[in-house]
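To be precise, the following lines are final28.cif, and they hold mmCIF, C-alpha atoms.
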data_structure
loop_
_atom_site.label_atom_id
_atom_site.label_comp_id
_atom_site.auth_asym_id
_atom_site.auth_seq_id
_atom_site.Cartn_x
_atom_site.Cartn_y
_atom_site.Cartn_z
CA VAL A 667 -109.42 -39.91 26.08
CA MET A 668 -107.43 -38.12 28.74
CA LEU A 669 -108.78 -38.03 32.28
CA SER A 670 -108.51 -35.18 34.76
CA SER A 671 -107.00 -35.80 38.19
CA GLU A 672 -110.51 -35.52 39.68
CA GLU A 673 -111.81 -38.22 37.34
CA ILE A 674 -108.84 -40.41 38.15
CA ALA A 675 -109.45 -40.00 41.89
CA GLY A 676 -112.98 -41.29 41.38
CA PHE A 677 -111.67 -44.66 40.27
CA SER A 678 -109.98 -45.65 43.52
CA ALA A 679 -111.24 -49.25 43.31
CA GLN A 680 -110.02 -49.59 39.76
CA LYS A 681 -106.57 -49.80 38.30
CA ILE A 682 -105.61 -47.14 35.77
CA VAL A 683 -102.74 -47.69 33.38
CA GLY A 684 -101.36 -45.35 30.81
CA ASN A 685 -98.48 -43.77 29.03
CA SER A 686 -97.92 -40.79 26.75
CA LYS A 687 -100.54 -42.17 24.32
CA GLY A 688 -103.36 -42.06 26.87
CA MET A 689 -104.91 -44.03 29.68
CA ARG A 690 -107.29 -46.90 30.05
CA ILE A 691 -109.13 -48.28 33.02
CA LEU A 692 -108.90 -51.93 33.91
CA SER A 693 -111.98 -53.41 35.55
CA SER A 694 -110.27 -53.85 38.91
CA ALA A 695 -106.87 -53.75 40.55
CA SER A 696 -106.74 -57.55 40.45
CA ASP A 697 -106.74 -57.76 36.63
CA ASP A 698 -103.73 -59.59 35.27
CA VAL A 699 -103.05 -57.69 32.05
CA PRO A 700 -99.50 -57.33 30.68
CA ILE A 701 -98.31 -53.76 30.26
CA TYR A 702 -95.78 -53.38 27.45
CA GLY A 703 -93.19 -50.69 27.01
CA GLY A 704 -92.31 -51.38 23.40
CA LEU A 705 -89.85 -53.37 21.37
CA HIS A 706 -86.63 -53.77 23.37
CA HIS A 707 -84.50 -55.24 20.59
CA CYS A 708 -84.62 -57.42 17.54
CA GLY A 709 -82.26 -60.38 17.11
CA LEU A 710 -81.08 -61.24 13.59
CA LEU A 711 -79.01 -64.15 12.34
CA VAL A 712 -75.97 -63.26 10.24
CA LYS A 713 -73.21 -65.27 8.55
CA CYS A 714 -70.38 -62.99 9.70
CA ALA A 715 -70.93 -60.58 12.60
CA SER A 716 -68.06 -58.25 11.73
CA THR A 717 -69.05 -57.93 8.04
CA SER A 718 -72.70 -57.38 8.97
CA LYS A 719 -71.76 -54.84 11.64
CA ASP A 720 -69.81 -52.85 9.04
CA PHE A 721 -72.86 -52.94 6.74
CA TYR A 722 -75.24 -51.75 9.48
CA LEU A 723 -72.89 -48.92 10.48
CA ASN A 724 -71.72 -47.78 7.04
CA VAL A 725 -74.80 -48.37 4.87
CA PHE A 726 -77.76 -48.02 7.25
CA GLY A 727 -75.90 -45.45 9.37
CA PHE A 728 -76.65 -47.07 12.73
CA THR A 729 -74.23 -46.92 15.68
CA ASP A 730 -72.23 -49.61 17.42
CA GLU A 731 -73.24 -50.46 20.98
CA SER A 732 -71.32 -53.72 21.13
CA TYR A 733 -69.66 -52.53 24.34
CA LEU A 734 -73.01 -53.40 25.97
CA ARG A 735 -72.89 -56.99 24.66
CA PRO A 736 -72.07 -59.50 27.41
CA SER A 737 -68.70 -61.14 26.81
CA THR A 738 -70.19 -64.39 28.12
CA LEU A 739 -72.32 -64.93 25.02
CA PRO A 740 -70.95 -68.08 23.34
CA TYR A 741 -71.06 -66.82 19.73
CA PRO A 742 -69.80 -63.79 17.79
CA GLY A 743 -72.19 -60.88 17.47
CA ALA A 744 -72.80 -57.17 17.79
CA PHE A 745 -75.29 -54.79 19.38
CA ILE A 746 -76.35 -52.10 16.93
CA LYS A 747 -78.31 -49.01 17.96
CA CYS A 748 -81.04 -47.70 15.67
CA GLY A 749 -82.95 -44.79 17.15
CA ILE A 750 -83.83 -45.72 20.73
CA ASN A 751 -83.77 -49.46 20.06
CA GLN A 752 -81.18 -52.12 19.32
CA ILE A 753 -80.61 -54.84 16.79
CA HIS A 754 -78.64 -57.82 18.04
CA LEU A 755 -76.59 -59.46 15.31
CA MET A 756 -75.96 -63.12 16.07
CA GLU A 757 -73.45 -65.17 14.11
CA LEU A 758 -75.25 -68.49 14.35
CA PRO A 759 -76.34 -71.16 11.85
CA ASP A 760 -79.41 -70.09 9.90
CA PRO A 761 -82.12 -72.78 10.13
CA TYR A 762 -83.89 -71.14 7.17
CA ALA A 763 -80.86 -70.94 4.85
CA ALA A 764 -82.50 -73.16 2.22
CA SER A 765 -85.65 -71.02 2.12
CA ILE A 766 -86.51 -69.08 -1.01
CA LEU A 767 -87.07 -65.46 -0.05
CA PRO A 768 -89.69 -63.31 -1.76
CA ALA A 769 -88.16 -60.64 -3.99
CA TYR A 770 -90.13 -57.98 -2.11
CA ALA A 771 -89.03 -57.81 1.55
CA GLY A 772 -92.40 -56.30 2.49
CA ARG A 773 -94.02 -59.69 1.84
CA ASP A 774 -91.63 -61.50 4.18
CA ARG A 775 -90.57 -61.30 7.82
CA HIS A 776 -89.08 -57.86 8.28
CA VAL A 777 -88.14 -55.25 10.84
CA ALA A 778 -89.81 -51.84 10.43
CA ILE A 779 -87.84 -48.78 11.49
CA SER A 780 -88.92 -45.15 11.44
CA ILE A 781 -86.60 -42.65 9.78
CA LYS A 782 -86.83 -38.88 9.46
CA ASN A 783 -84.98 -38.51 6.16
CA LEU A 784 -85.76 -41.42 3.85
CA PRO A 785 -84.03 -39.86 0.78
CA VAL A 786 -80.69 -39.91 2.65
CA LEU A 787 -81.03 -43.67 3.19
CA GLN A 788 -82.07 -44.16 -0.46
CA ARG A 789 -78.84 -42.48 -1.58
CA ARG A 790 -76.76 -44.61 0.80
CA LEU A 791 -78.38 -47.82 -0.47
CA GLU A 792 -77.87 -46.77 -4.09
CA SER A 793 -74.20 -45.91 -3.43
CA ALA A 794 -73.67 -49.33 -1.84
CA GLY A 795 -75.49 -51.13 -4.66
CA ILE A 796 -78.17 -52.47 -2.32
CA PRO A 797 -81.49 -53.07 -4.13
CA PHE A 798 -84.65 -51.69 -2.56
CA ASN A 799 -88.31 -51.20 -3.39
CA LEU A 800 -90.39 -48.16 -2.59
CA SER A 801 -93.64 -48.97 -0.84
CA SER A 802 -96.32 -50.06 -3.29
CA SER A 803 -98.96 -48.34 -1.12
CA GLY A 804 -97.62 -44.90 -2.01
CA ARG A 805 -96.50 -44.02 1.50
CA ALA A 806 -92.97 -42.77 2.13
CA ALA A 807 -91.32 -46.10 2.88
CA LEU A 808 -88.82 -48.48 1.35
CA PHE A 809 -88.02 -52.16 1.72
CA CYS A 810 -84.62 -53.80 1.41
CA ARG A 811 -82.54 -56.67 2.72
CA ASP A 812 -79.24 -56.80 4.54
CA LEU A 813 -76.31 -58.93 3.37
CA ASP A 814 -77.89 -62.04 4.91
CA GLY A 815 -81.38 -61.59 3.49
CA ASN A 816 -83.01 -60.13 6.63
CA GLY A 817 -85.87 -57.86 5.54
CA PHE A 818 -86.16 -54.22 6.53
CA GLU A 819 -88.84 -51.59 6.10
CA PHE A 820 -87.90 -47.96 6.63
CA VAL A 821 -90.91 -45.70 7.17
CA GLU A 822 -90.48 -41.96 6.94
CA ASP A 823 -91.66 -40.02 10.00
CA LEU A 824 -90.97 -36.31 9.66
CA SER A 825 -91.87 -35.72 13.31
CA LEU A 826 -88.65 -37.37 14.53
#

Written as structure tokens, that's how I'd like the structure from this file.
Amino acid sequence: VMLSSEEIAGFSAQKIVGNSKGMRILSSASDDVPIYGGLHHCGLLVKCASTSKDFYLNVFGFTDESYLRPSTLPYPGAFIKCGINQIHLMELPDPYAASILPAYAGRDRHVAISIKNLPVLQRRLESAGIPFNLSSSGRAALFCRDLDGNGFEFVEDLSL
């Protein structure tokens, strides 16, 4: 529900928060409610940062923003841009290396990313020999894993 400026002015004793999705009224200005902006980045463990970076750039088609990565970080890594967000690749020991991963990445921990042209990604994955599953729900989405077993969901959003 969107409020007019007159309606907003009537709530002077209350705190109003909102964004492009709408507004909501908190009971008073003293409420201590976190206000989130969205997912800033996702950190993923990889065996080899340079090999994984090549995969993310050449197969997924993301861009390299490693110039933003602080040189003081004590391990190899890369900052990869996907849309407006980042994925931080971290070359660190994997505490879950002995885990058995489900065959279907959608039934495991995964990162979901919106994409305008899902068929383009499908062709890139096929060309690279990367297995994937189309969503079993029938929506335009696919699931796959990177070289290190990290799960991904790509959801088509034609409005991008």

>> Evaluated on this file, the PyMOL selection byres ((chain A and resi 800) around 10) picks out some residues - which ones are they, written as number ranges by chain?
In response: A: 770, 772, 788, 798-799, 801-810, 819-820

Using all atoms listed in the file, find each residue of segment 750-776 of chain A with at least one atom at most 6 Å away from an atom of segment 705-717 of chain A; report its shortest atom-to-atom pair and that distance in Å (one decimal), sort the rows by chain and rising residue number, and return the result as CSV.
residue,atom,partner,partner_atom,distance
A:Asn751,CA,A:His707,CA,5.8
A:Gln752,CA,A:His707,CA,4.7
A:Ile753,CA,A:Cys708,CA,4.8
A:His754,CA,A:Gly709,CA,4.5
A:Leu755,CA,A:Leu710,CA,5.1
A:Met756,CA,A:Leu711,CA,4.9
A:Glu757,CA,A:Val712,CA,5.0

>> Please compute the atom CA of Lys782 of chain A-atom CA of Leu734 of chain A distance, one decimal, in Å.
In response: 26.0 Å

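Here atom CA of Thr729 of chain A is placed at a distance of 14.6 Å from atom CA of Leu787 of chain A.
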
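Taking atom CA of Asp730 of chain A and atom CA of Leu791 of chain A as the two end points, the separation is 19.0 Å.
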
> Any idea what's packed within 6 Å of Ile781 of chain A, counting all atoms listed in the file, ignoring anything in its chain fewer than 6 positions away? Could you give it as a PyMOL selection string?
Replying inline: chain A and resi 821-823

> Using only C-alpha atoms, which of A:Pro797, A:Pro742, A:Pro736, A:Gly817 sits nearest Pro759 of chain A?
Replying inline: A:Pro742

>> Here's the selection I'm unsure about, the PyMOL selection byres ((chain A and resi 763) around 12); applied to the file above, which residues does it give, as an MDAnalysis selection string?
In response: chainID A and resid 711:713 758:762 764:767 814:816

Would you mind exporting C-alpha atoms of the selected residues as a PDB file, in the frame of the given file?
ATOM      1  CA  LEU A 711     -79.010 -64.150  12.340  1.00  0.00           C
ATOM      2  CA  VAL A 712     -75.970 -63.260  10.240  1.00  0.00           C
ATOM      3  CA  LYS A 713     -73.210 -65.270   8.550  1.00  0.00           C
ATOM      4  CA  LEU A 758     -75.250 -68.490  14.350  1.00  0.00           C
ATOM      5  CA  PRO A 759     -76.340 -71.160  11.850  1.00  0.00           C
ATOM      6  CA  ASP A 760     -79.410 -70.090   9.900  1.00  0.00           C
ATOM      7  CA  PRO A 761     -82.120 -72.780  10.130  1.00  0.00           C
ATOM      8  CA  TYR A 762     -83.890 -71.140   7.170  1.00  0.00           C
ATOM      9  CA  ALA A 764     -82.500 -73.160   2.220  1.00  0.00           C
ATOM     10  CA  SER A 765     -85.650 -71.020   2.120  1.00  0.00           C
ATOM     11  CA  ILE A 766     -86.510 -69.080  -1.010  1.00  0.00           C
ATOM     12  CA  LEU A 767     -87.070 -65.460  -0.050  1.00  0.00           C
ATOM     13  CA  ASP A 814     -77.890 -62.040   4.910  1.00  0.00           C
ATOM     14  CA  GLY A 815     -81.380 -61.590   3.490  1.00  0.00           C
ATOM     15  CA  ASN A 816     -83.010 -60.130   6.630  1.00  0.00           C
TER      16      ASN A 816
END

> Which of these, A:Ser825, A:Ser718, A:Pro740, A:Gly704, has the shortest distance to Asn783 of chain A once you count all atoms listed in the file?
Replying inline: A:Ser825

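The smallest atom-to-atom distance between Asp774 of chain A and any of A:Ser732, A:Ser737, A:Phe818, A:Cys748, using all atoms listed in the file, is found for A:Phe818.
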
Using the file's own x, y and z axes, so that the box edges lie along x, y and z, what centre and edge lengths in Å (one decimal) does a box around every listed atom of segment 749-766 of chain A get when 4 Å is added on each side? Give it as AutoDock Vina command-line options.
--center_x -80.0 --center_y -59.0 --center_z 9.9 --size_x 21.1 --size_y 36.4 --size_z 29.7
